[in-house]
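Q: Compact mmCIF, C-alpha atoms and all ligand atoms, file target14.txt:
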# COMPACT_ATOMS: atom_id res chain seq x y z
CA MET A 105 164.50 60.82 165.04
CA ASP A 106 165.34 57.21 164.18
CA THR A 107 168.92 56.92 163.02
CA ILE A 108 169.26 54.33 160.28
CA LEU A 109 172.41 52.30 159.68
CA LEU A 110 173.29 52.03 155.99
CA ASN A 111 175.81 49.35 154.99
CA PRO A 112 177.09 49.34 151.38
CA VAL A 113 178.44 45.81 151.81
CA ILE A 114 174.96 44.31 152.21
CA ASP A 115 172.83 47.05 150.59
CA PRO A 116 173.93 48.22 147.13
CA SER A 117 171.72 51.31 147.45
CA ALA A 118 173.28 52.41 150.76
CA ILE A 119 175.55 55.14 149.34
CA ASP A 120 172.76 56.48 147.11
CA ARG A 121 170.38 56.63 150.05
CA ALA A 122 172.97 58.46 152.17
CA ALA A 123 173.63 60.89 149.28
CA GLY A 124 169.86 61.49 148.98
CA LEU A 125 169.65 62.35 152.68
CA LEU A 126 172.56 64.81 152.30
CA ARG A 127 170.85 66.48 149.33
CA ALA A 128 167.65 66.70 151.40
CA GLY A 129 169.48 68.71 154.05
CA GLU A 130 170.01 65.90 156.58
CA VAL A 131 173.12 64.97 158.60
CA VAL A 132 174.78 61.62 157.87
CA GLY A 133 177.57 59.91 159.84
CA MET A 134 180.15 58.99 157.22
CA PRO A 135 183.39 57.02 157.21
CA THR A 136 186.70 58.60 156.25
CA GLU A 137 190.18 57.11 156.51
CA THR A 138 190.96 59.33 159.55
CA VAL A 139 187.86 59.28 161.76
CA TYR A 140 184.10 59.19 161.07
CA GLY A 141 182.57 62.54 160.13
CA LEU A 142 179.12 64.15 160.58
CA GLY A 143 178.41 65.24 157.04
CA ALA A 144 175.95 67.81 155.69
CA ASN A 145 175.63 69.94 152.55
CA ALA A 146 178.24 72.67 153.07
CA LEU A 147 176.25 75.13 150.90
CA ASP A 148 173.03 74.78 152.94
CA PRO A 149 173.10 76.81 156.20
CA ALA A 150 170.08 74.96 157.62
CA ALA A 151 171.80 71.59 157.11
CA VAL A 152 175.02 72.95 158.62
CA ALA A 153 173.09 74.17 161.68
CA LYS A 154 171.93 70.58 162.27
CA ILE A 155 175.58 69.47 162.60
CA PHE A 156 176.20 71.98 165.41
CA ASP A 157 172.98 70.82 167.15
CA ALA A 158 173.78 67.13 166.87
CA LYS A 159 177.30 67.57 168.27
CA GLY A 160 176.58 70.29 170.81
CA ARG A 161 179.41 72.17 169.13
CA PRO A 162 180.23 75.82 169.93
CA GLN A 163 179.28 78.07 166.99
CA ASP A 164 182.74 79.68 166.88
CA ASN A 165 184.39 76.42 165.81
CA PRO A 166 184.53 76.14 162.00
CA LEU A 167 183.98 72.96 159.96
CA ILE A 168 186.17 71.27 157.36
CA VAL A 169 184.67 71.09 153.86
CA HIS A 170 185.19 67.75 152.09
CA ILE A 171 185.46 67.44 148.31
CA ALA A 172 185.56 64.40 146.00
CA ASP A 173 188.18 65.59 143.51
CA ALA A 174 190.99 68.14 143.49
CA GLU A 175 189.31 70.32 140.82
CA ALA A 176 186.57 71.19 143.34
CA LEU A 177 189.17 73.10 145.37
CA GLU A 178 188.97 76.09 142.99
CA ARG A 179 185.20 76.32 143.59
CA ILE A 180 185.69 76.66 147.34
CA CYS A 181 188.92 78.63 147.67
CA ASP A 182 190.20 81.85 146.15
CA ASP A 183 193.78 82.24 144.98
CA VAL A 184 195.20 78.88 146.02
CA PRO A 185 198.94 79.54 146.62
CA GLU A 186 201.55 77.45 144.81
CA PRO A 187 202.81 75.61 147.94
CA ALA A 188 199.23 74.52 148.74
CA LYS A 189 198.92 73.08 145.23
CA ARG A 190 202.12 71.11 145.76
CA LEU A 191 200.89 69.81 149.09
CA ALA A 192 197.58 68.71 147.55
CA ALA A 193 199.42 66.95 144.74
CA ALA A 194 201.55 65.07 147.28
CA PHE A 195 198.95 64.06 149.87
CA TRP A 196 195.45 64.17 148.34
CA PRO A 197 193.41 62.09 148.55
CA GLY A 198 194.44 61.62 152.15
CA PRO A 199 194.58 62.82 155.76
CA LEU A 200 195.43 66.46 154.99
CA THR A 201 193.30 69.59 155.52
CA MET A 202 194.43 72.94 154.12
CA VAL A 203 193.16 76.27 155.45
CA LEU A 204 192.85 78.69 152.52
CA PRO A 205 191.01 81.91 151.57
CA ARG A 206 187.37 81.02 150.93
CA VAL A 207 184.95 82.00 148.18
CA ARG A 208 181.81 83.93 149.17
CA GLU A 209 179.41 81.03 148.51
CA ILE A 210 180.59 79.21 151.65
CA PRO A 211 178.12 80.07 154.44
CA ALA A 212 179.54 81.96 157.44
CA SER A 213 178.36 79.19 159.77
CA VAL A 214 180.75 76.72 158.11
CA THR A 215 183.79 78.95 158.64
CA ALA A 216 182.60 80.56 161.89
CA GLY A 217 182.83 83.90 160.09
CA LEU A 218 186.53 83.47 159.21
CA PRO A 219 187.82 84.61 155.80
CA THR A 220 189.34 81.13 155.36
CA VAL A 221 187.97 77.62 154.91
CA GLY A 222 189.47 74.23 155.78
CA VAL A 223 189.34 71.85 152.80
CA ARG A 224 190.04 68.13 152.61
CA LEU A 225 189.88 65.45 149.90
CA PRO A 226 189.50 62.18 151.83
CA ALA A 227 190.90 58.87 150.57
CA HIS A 228 188.20 56.53 151.88
CA PRO A 229 186.42 55.15 148.78
CA VAL A 230 183.00 55.23 150.45
CA ALA A 231 183.51 58.87 151.49
CA ARG A 232 184.53 59.92 147.99
CA GLU A 233 181.67 58.07 146.36
CA LEU A 234 179.22 59.62 148.83
CA ILE A 235 180.45 63.17 148.16
CA ARG A 236 180.45 62.58 144.40
CA ARG A 237 176.87 61.29 144.43
CA ALA A 238 175.67 64.03 146.78
CA GLY A 239 176.97 66.46 144.14
CA VAL A 240 177.83 69.14 146.73
CA PRO A 241 180.79 69.82 149.02
CA ILE A 242 180.26 68.20 152.42
CA ALA A 243 180.97 70.00 155.70
CA ALA A 244 181.96 67.44 158.32
CA PRO A 245 183.43 67.63 161.80
CA SER A 246 184.44 64.46 163.63
CA ALA A 247 181.32 62.42 164.47
CA ASN A 248 181.53 62.58 168.26
CA LEU A 249 179.61 64.60 170.83
CA SER A 250 181.59 67.79 171.39
CA GLY A 251 184.45 67.16 173.84
CA ARG A 252 184.34 63.36 173.61
CA PRO A 253 186.95 61.17 171.87
CA SER A 254 186.53 60.99 168.09
CA THR A 255 184.86 57.98 166.51
CA THR A 256 186.67 55.36 164.45
CA THR A 257 183.86 52.82 163.92
CA ALA A 258 180.17 53.08 162.98
CA ALA A 259 179.37 51.65 166.44
CA HIS A 260 181.21 54.57 168.08
CA VAL A 261 179.15 56.99 165.96
CA LEU A 262 175.88 55.33 166.99
CA ALA A 263 176.96 55.42 170.65
CA ASP A 264 177.16 59.25 170.47
CA MET A 265 174.65 60.10 167.74
CA ASP A 266 171.77 57.58 167.83
CA GLY A 267 168.54 59.59 167.60
CA ARG A 268 170.39 62.82 166.75
CA ILE A 269 171.12 62.34 163.02
CA ALA A 270 169.33 60.77 160.05
CA ALA A 271 171.76 57.94 159.26
CA VAL A 272 175.18 56.40 159.69
CA LEU A 273 176.95 55.00 156.65
CA GLU A 274 179.12 51.99 157.54
CA GLY A 275 182.65 52.02 156.17
CA GLY A 276 184.57 49.73 158.52
CA PRO A 277 187.16 50.76 161.10
CA CYS A 278 189.19 53.86 160.15
CA GLU A 279 192.59 53.08 158.73
CA VAL A 280 194.48 56.10 160.09
CA GLY A 281 192.55 56.51 163.34
CA VAL A 282 193.44 60.14 164.18
CA GLU A 283 192.11 63.23 162.42
CA SER A 284 193.73 64.90 159.45
CA THR A 285 196.80 67.11 159.62
CA ILE A 286 195.72 70.77 159.36
CA VAL A 287 198.03 73.24 157.60
CA SER A 288 197.09 76.91 157.39
CA PHE A 289 198.12 79.09 154.46
CA ALA A 290 196.54 82.18 156.02
CA GLY A 291 199.90 83.72 157.00
CA GLU A 292 203.33 84.25 155.40
CA THR A 293 204.67 80.81 156.36
CA PRO A 294 202.60 77.61 156.29
CA ARG A 295 201.57 76.76 159.85
CA LEU A 296 200.77 73.36 161.37
CA LEU A 297 197.53 73.79 163.32
CA ARG A 298 196.93 70.12 164.14
CA PRO A 299 199.27 67.13 163.65
CA GLY A 300 197.66 64.11 161.97
CA GLY A 301 198.07 61.36 159.43
CA VAL A 302 200.51 63.38 157.30
CA SER A 303 203.60 63.94 159.47
CA LEU A 304 205.49 67.19 160.07
CA GLU A 305 208.53 65.57 158.45
CA GLN A 306 206.47 64.88 155.30
CA LEU A 307 205.13 68.46 155.25
CA ARG A 308 208.64 69.90 155.52
CA GLU A 309 209.83 67.76 152.62
CA ILE A 310 207.31 69.52 150.37
CA LEU A 311 207.07 72.99 151.96
CA GLY A 312 210.47 73.60 153.55
CA LYS A 313 209.73 75.86 156.53
CA VAL A 314 206.58 75.04 158.51
CA ASP A 315 205.67 76.94 161.71
CA ILE A 316 204.06 75.10 164.60
CA ASP A 317 201.02 76.59 166.26
CA ARG A 318 201.34 77.12 170.00
CA ALA A 319 198.07 75.27 170.55
CA LEU A 320 200.08 72.08 170.00
CA ARG A 321 202.13 72.69 173.09
CA GLU A 322 199.75 74.14 175.68
CA GLN A 323 196.16 74.47 176.75
CA ILE A 324 194.78 77.67 175.24
CA GLY A 325 192.61 79.90 177.42
CA ASP A 326 188.93 80.45 176.55
CA ASP A 327 189.46 84.09 175.71
CA ALA A 328 192.51 83.48 173.53
CA ARG A 329 192.50 84.13 169.83
CA VAL A 330 193.77 80.96 168.20
CA SER A 331 194.41 79.95 164.62
CA ALA A 332 192.22 76.81 164.82
CA PRO A 333 189.38 77.76 167.15
CA GLY A 334 188.75 74.08 167.97
CA MET A 335 192.15 73.82 169.61
CA LYS A 336 191.13 75.86 172.66
CA TYR A 337 188.51 73.41 173.92
CA ARG A 338 189.29 70.40 176.12
CA HIS A 339 188.97 67.57 173.69
CA TYR A 340 188.95 63.85 173.29
CA ALA A 341 188.27 63.57 176.98
CA PRO A 342 187.00 60.41 178.64
CA LYS A 343 185.10 60.89 181.93
CA ALA A 344 188.15 60.10 184.08
CA ASN A 345 191.05 62.54 184.47
CA VAL A 346 193.99 61.71 182.25
CA THR A 347 197.70 62.11 183.02
CA VAL A 348 200.23 61.68 180.21
CA VAL A 349 203.60 60.30 181.30
CA CYS A 350 206.49 61.15 178.97
CA GLY A 351 209.96 59.62 178.89
CA THR A 352 211.49 56.36 177.70
CA PRO A 353 208.94 53.50 177.58
CA GLU A 354 210.78 51.70 180.42
CA ASP A 355 210.85 54.79 182.66
CA THR A 356 207.23 55.73 182.08
CA ALA A 357 206.03 52.15 182.73
CA ALA A 358 207.98 52.16 186.01
CA TYR A 359 206.58 55.57 186.98
CA ILE A 360 203.01 54.49 186.31
CA SER A 361 203.33 51.22 188.23
CA LYS A 362 204.54 53.20 191.28
CA HIS A 363 201.59 55.61 191.18
CA LEU A 364 198.65 53.24 190.71
CA THR A 365 195.64 52.97 193.00
CA ASN A 366 192.63 50.64 192.67
CA GLU A 367 190.82 53.42 190.87
CA THR A 368 193.49 53.97 188.20
CA GLY A 369 193.18 52.89 184.58
CA VAL A 370 196.29 52.42 182.43
CA LEU A 371 196.84 52.96 178.72
CA CYS A 372 200.18 51.41 177.83
CA PHE A 373 202.38 49.99 175.11
CA THR A 374 201.73 46.29 174.50
CA GLU A 375 205.08 45.13 175.85
CA PHE A 376 204.30 46.56 179.31
CA ALA A 377 200.79 45.08 179.62
CA TYR A 378 202.02 42.36 182.00
CA LEU A 379 202.81 45.04 184.61
CA PHE A 380 199.21 46.25 184.78
CA GLU A 381 197.12 43.11 184.48
CA MET A 382 195.44 43.70 187.85
CA HIS A 383 194.11 47.07 186.63
CA GLU A 384 191.69 48.42 184.03
CA MET A 385 194.25 48.44 181.26
CA ARG A 386 194.15 49.00 177.51
CA THR A 387 197.05 48.65 175.13
CA MET A 388 197.72 51.00 172.21
CA GLY A 389 200.21 48.82 170.30
CA ALA A 390 203.96 48.39 170.59
CA ALA A 391 206.13 51.37 171.61
CA ASP A 392 207.75 51.43 168.16
CA ASP A 393 204.46 51.07 166.22
CA PRO A 394 202.82 54.53 166.02
CA LEU A 395 200.52 53.49 163.15
CA THR A 396 198.79 50.96 165.41
CA GLN A 397 198.78 53.45 168.29
CA ALA A 398 196.94 55.95 166.07
CA ARG A 399 194.38 53.35 165.04
CA ARG A 400 193.60 52.32 168.62
CA ILE A 401 193.82 55.52 170.60
CA PHE A 402 190.22 56.73 170.44
CA ASP A 403 188.72 53.29 170.94
CA ALA A 404 190.90 52.86 174.04
CA LEU A 405 189.91 56.26 175.47
CA ARG A 406 186.24 55.47 174.85
CA ALA A 407 186.54 52.04 176.49
CA PHE A 408 187.48 53.61 179.85
CA ASP A 409 184.04 55.23 179.98
CA GLU A 410 182.55 51.74 180.39
CA THR A 411 184.58 51.29 183.59
CA ASP A 412 184.63 52.92 187.06
CA VAL A 413 188.15 54.34 186.86
CA GLN A 414 188.58 57.85 188.29
CA GLU A 415 191.93 58.56 186.68
CA ILE A 416 193.91 57.24 183.73
CA TYR A 417 197.68 57.16 183.35
CA THR A 418 198.96 56.82 179.82
CA GLN A 419 202.39 56.30 178.34
CA CYS A 420 203.27 58.88 175.70
CA PRO A 421 204.39 57.96 172.16
CA SER A 422 207.51 59.54 170.71
CA ASP A 423 207.00 62.71 168.65
CA GLU A 424 208.16 61.17 165.38
CA GLY A 425 205.88 60.65 162.38
CA ILE A 426 202.23 60.10 163.30
CA GLY A 427 203.41 59.69 166.92
CA LEU A 428 203.24 63.49 167.21
CA ALA A 429 199.50 63.31 166.47
CA VAL A 430 198.87 60.49 168.95
CA ALA A 431 200.82 62.32 171.68
CA ASN A 432 198.88 65.53 170.89
CA ARG A 433 195.47 63.80 171.25
CA LEU A 434 196.51 62.24 174.57
CA LYS A 435 197.81 65.57 175.91
CA LYS A 436 194.60 67.29 174.87
CA ALA A 437 192.54 64.54 176.53
CA ALA A 438 194.59 65.29 179.65
CA GLY A 439 194.09 69.06 179.39
CA PHE A 440 197.90 69.11 179.04
CA LYS A 441 198.48 67.42 182.43
CA VAL A 442 201.86 65.94 181.56
CA VAL A 443 204.53 64.35 183.77
CA ASN A 444 208.06 64.22 182.36
CA VAL A 445 210.04 61.32 183.81
CA VAL A 446 213.77 61.91 183.49
O1 LIG B 501 190.18 64.03 159.76
C1 LIG B 501 189.45 65.02 159.90
O2 LIG B 501 189.86 66.18 159.70
C2 LIG B 501 188.02 64.78 160.36
C3 LIG B 501 187.30 64.02 159.24
C4 LIG B 501 185.83 63.84 159.51
O3 LIG B 501 187.54 64.65 158.03
N1 LIG B 501 187.35 66.01 160.68
C5 LIG B 501 187.64 66.72 161.81
O4 LIG B 501 186.85 67.83 161.99
O5 LIG B 501 188.51 66.40 162.59
P1 LIG B 501 186.74 68.61 163.39
O6 LIG B 501 185.67 69.61 163.18
O7 LIG B 501 186.58 67.65 164.50
O8 LIG B 501 188.11 69.37 163.52
C6 LIG B 501 188.38 70.43 162.62
C7 LIG B 501 189.38 71.40 163.18
C8 LIG B 501 188.84 72.25 164.32
O9 LIG B 501 189.85 72.37 165.32
C9 LIG B 501 188.58 73.59 163.64
O10 LIG B 501 188.70 74.68 164.53
C10 LIG B 501 189.65 73.62 162.57
O11 LIG B 501 189.71 72.29 162.12
N2 LIG B 501 189.28 74.46 161.42
C11 LIG B 501 188.29 74.27 160.53
N3 LIG B 501 188.22 75.29 159.67
C12 LIG B 501 189.20 76.16 160.00
C13 LIG B 501 189.65 77.42 159.49
N4 LIG B 501 189.06 78.02 158.46
N5 LIG B 501 190.70 78.00 160.11
C14 LIG B 501 191.30 77.42 161.16
N6 LIG B 501 190.92 76.23 161.68
C15 LIG B 501 189.89 75.61 161.11
MG MG B 502 186.76 66.89 166.34
Written as structure tokens, that's how I'd like the structure from this file.
A:
Amino acid sequence: MDTILLNPVIDPSAIDRAAGLLRAGEVVGMPTETVYGLGANALDPAAVAKIFDAKGRPQDNPLIVHIADAEALERICDDVPEPAKRLAAAFWPGPLTMVLPRVREIPASVTAGLPTVGVRLPAHPVARELIRRAGVPIAAPSANLSGRPSTTTAAHVLADMDGRIAAVLEGGPCEVGVESTIVSFAGETPRLLRPGGVSLEQLREILGKVDIDRALREQIGDDARVSAPGMKYRHYAPKANVTVVCGTPEDTAAYISKHLTNETGVLCFTEFAYLFEMHEMRTMGAADDPLTQARRIFDALRAFDETDVQEIYTQCPSDEGIGLAVANRLKKAAGFKVVNVV
């Protein structure tokens, strides 16, 4: 299959053409403000199956359904609880996914047979226009091959998906850079399944108590039952082994410089770049700038695959704000191989 690149900046019909492909049951790489997604008609099981094929995704890992306006929520979910409505009012459109009881019309392949569905209303104007014109809810996982770092540019999507999907719709580099925050309303207390663009602090302001899923802290075994099935797989992984070094920025920079070999790559805060200039090194932004770190993290992880490094040491952002999401993606890329420098 030839994958076509559609660019709304130079082709006014680009979004319409992408919407037509979605209606015809094809898979389209689409921009969102978090990461690029692999979109397909969420109500068409054959189209949804093509997503799993293109990604090489395990069938037990459910997809997020994307809608273009908040009213569409009631057509996808049953009995939306009051706290979920408040959360939607506060953070939609935006980098927030809510796991809620689903209606029967959602195919089992989308939810991996679960009684719930993940729903998100993205903020990216091209994404919203695409969903609106497609006229159907759009199931979309991140647009990377399963296990690889997520994609934050159309070029990243083509690198993984050229020949595997019908088209990629260009929407520029993603503004947030890490995937959406996932909050589950399946239990008594709202539960954070994945940290993302909406911070835990922001969630607690609206919801009060929020539990934290254990998948955020440790690698989950293959046989484990987990709240977000995707959390049990090694994720975001470049080819080299990753070690995350946690502690103050000064201490972790010192630790890494002591442990380097010729085969080591380094992912560091900008102010420590001078220490690692003789190595394959990428910067993720200043230590106190988690927004930039989030925007750069997947591009940096992908860039190491173009090099010969056998291992990567990375400094770890602080757990505040979106830093929690960046630290989580790095720890997952490392299979939770973490060194604490004290
Ligand atoms: O920002 C994002 O959320 C991006 C963009 C494209 O919207 N999408 C994304 O999708 O990150 P994906 O498939 O890469 O990650 C979705 C995660 C998986 O870990 C999956 O297991 C979990 O959401 N998930 C989806 N539906 C669920 C459900 N009903 N219950 C629990 N977890 C669910
Ligand atoms: Mg993903």
Q: If you count all atoms listed in the file, which residues end up within 7 Å of ligand MG 502 (chain B), as a list in words?
A: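 These are the residues that qualify: Pro245, Ser246 and Ser254 of chain A.
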Q: Find the spatial neighbours of His339 in chain A, counting only C-alpha atoms, within a cut-off of 9 Å - ignore same-chain residues fewer than 6 positions away - and output them as a PyMOL selection string.
A: chain A and resi 250-254+433+436-439
Q: Tell me which of A:Ile114, A:Leu147, A:Leu405, A:Ala391 sits closest to Arg208 in chain A, counting all atoms listed in the file.
A: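 Residue with the minimum atom-to-atom distance to Arg208 in chain A: A:Leu147.
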Q: Give me, please, the distance in Å between CA of Thr215 in chain A and atom N2 of ligand LIG 501 (chain B), quoted to one decimal.
A: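 About the pair CA of Thr215 in chain A and atom N2 of ligand LIG 501 (chain B): they are 7.6 Å apart.
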Q: Go through A:Pro211, A:Pro241, A:Pro229, A:Pro135 one by one, measure the shortest atom-to-atom distance of each to Ile171 in chain A using only C-alpha atoms, and give the residue with the smallest value.
A: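 That would be A:Pro241, the residue with the smallest distance to Ile171 in chain A.
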Q: Point out the residue among A:Asp264, A:Glu415, A:Glu175, A:Glu309 with the least atom-to-atom distance to Leu225 in chain A, counting all atoms listed in the file.
A: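 For Leu225 in chain A, the nearest of the candidates is A:Glu175.
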Q: Name the closest residue to ligand LIG 501 (chain B) among the candidates A:Thr107, A:Ala158, A:Lys435, A:Met202; distances are taken between atoms, counting only C-alpha atoms and all ligand atoms.
A: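 Looking only at the distances to ligand LIG 501 (chain B), the closest residue turns out to be A:Met202.
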Q: Because the input lacks atoms here, generate N, CA and C atoms for range 291-311 of chain A and report them as a compact mmCIF listing (two decimals), in the frame of the given file.
A:
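Just written: result-v2.txt:
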# COMPACT_ATOMS: atom_id res chain seq x y z
N GLY A 291 198.81 82.78 156.72
CA GLY A 291 199.90 83.72 157.00
C GLY A 291 201.03 83.60 155.98
N GLU A 292 202.15 84.26 156.28
CA GLU A 292 203.33 84.25 155.40
C GLU A 292 203.86 82.82 155.22
N THR A 293 204.08 82.15 156.36
CA THR A 293 204.67 80.81 156.36
C THR A 293 203.58 79.79 156.66
N PRO A 294 203.59 78.65 155.96
CA PRO A 294 202.60 77.61 156.29
C PRO A 294 202.72 77.23 157.77
N ARG A 295 201.58 77.00 158.41
CA ARG A 295 201.57 76.76 159.85
C ARG A 295 200.82 75.47 160.15
N LEU A 296 201.43 74.60 160.95
CA LEU A 296 200.77 73.36 161.37
C LEU A 296 199.83 73.68 162.52
N LEU A 297 198.51 73.51 162.27
CA LEU A 297 197.53 73.79 163.32
C LEU A 297 197.18 72.54 164.11
N ARG A 298 197.25 71.38 163.45
CA ARG A 298 196.93 70.12 164.14
C ARG A 298 197.74 69.01 163.50
N PRO A 299 198.54 68.26 164.25
CA PRO A 299 199.27 67.13 163.65
C PRO A 299 198.30 65.99 163.36
N GLY A 300 198.58 65.19 162.34
CA GLY A 300 197.66 64.11 161.97
C GLY A 300 198.35 63.08 161.12
N GLY A 301 197.58 62.48 160.23
CA GLY A 301 198.07 61.36 159.43
C GLY A 301 199.23 61.70 158.49
N VAL A 302 199.33 62.95 158.06
CA VAL A 302 200.51 63.38 157.30
C VAL A 302 201.46 64.02 158.31
N SER A 303 202.70 63.51 158.38
CA SER A 303 203.60 63.94 159.47
C SER A 303 204.24 65.28 159.17
N LEU A 304 204.75 65.93 160.21
CA LEU A 304 205.49 67.19 160.07
C LEU A 304 206.70 67.00 159.17
N GLU A 305 207.37 65.86 159.30
CA GLU A 305 208.53 65.57 158.45
C GLU A 305 208.09 65.56 156.98
N GLN A 306 206.97 64.93 156.68
CA GLN A 306 206.47 64.88 155.30
C GLN A 306 206.11 66.27 154.79
N LEU A 307 205.49 67.10 155.66
CA LEU A 307 205.13 68.46 155.25
C LEU A 307 206.38 69.25 154.89
N ARG A 308 207.41 69.11 155.73
CA ARG A 308 208.64 69.90 155.52
C ARG A 308 209.36 69.48 154.25
N GLU A 309 209.22 68.21 153.88
CA GLU A 309 209.83 67.76 152.62
C GLU A 309 209.25 68.53 151.44
N ILE A 310 207.95 68.83 151.49
CA ILE A 310 207.31 69.52 150.37
C ILE A 310 207.40 71.04 150.52
N LEU A 311 207.24 71.54 151.75
CA LEU A 311 207.07 72.99 151.96
C LEU A 311 208.33 73.70 152.44
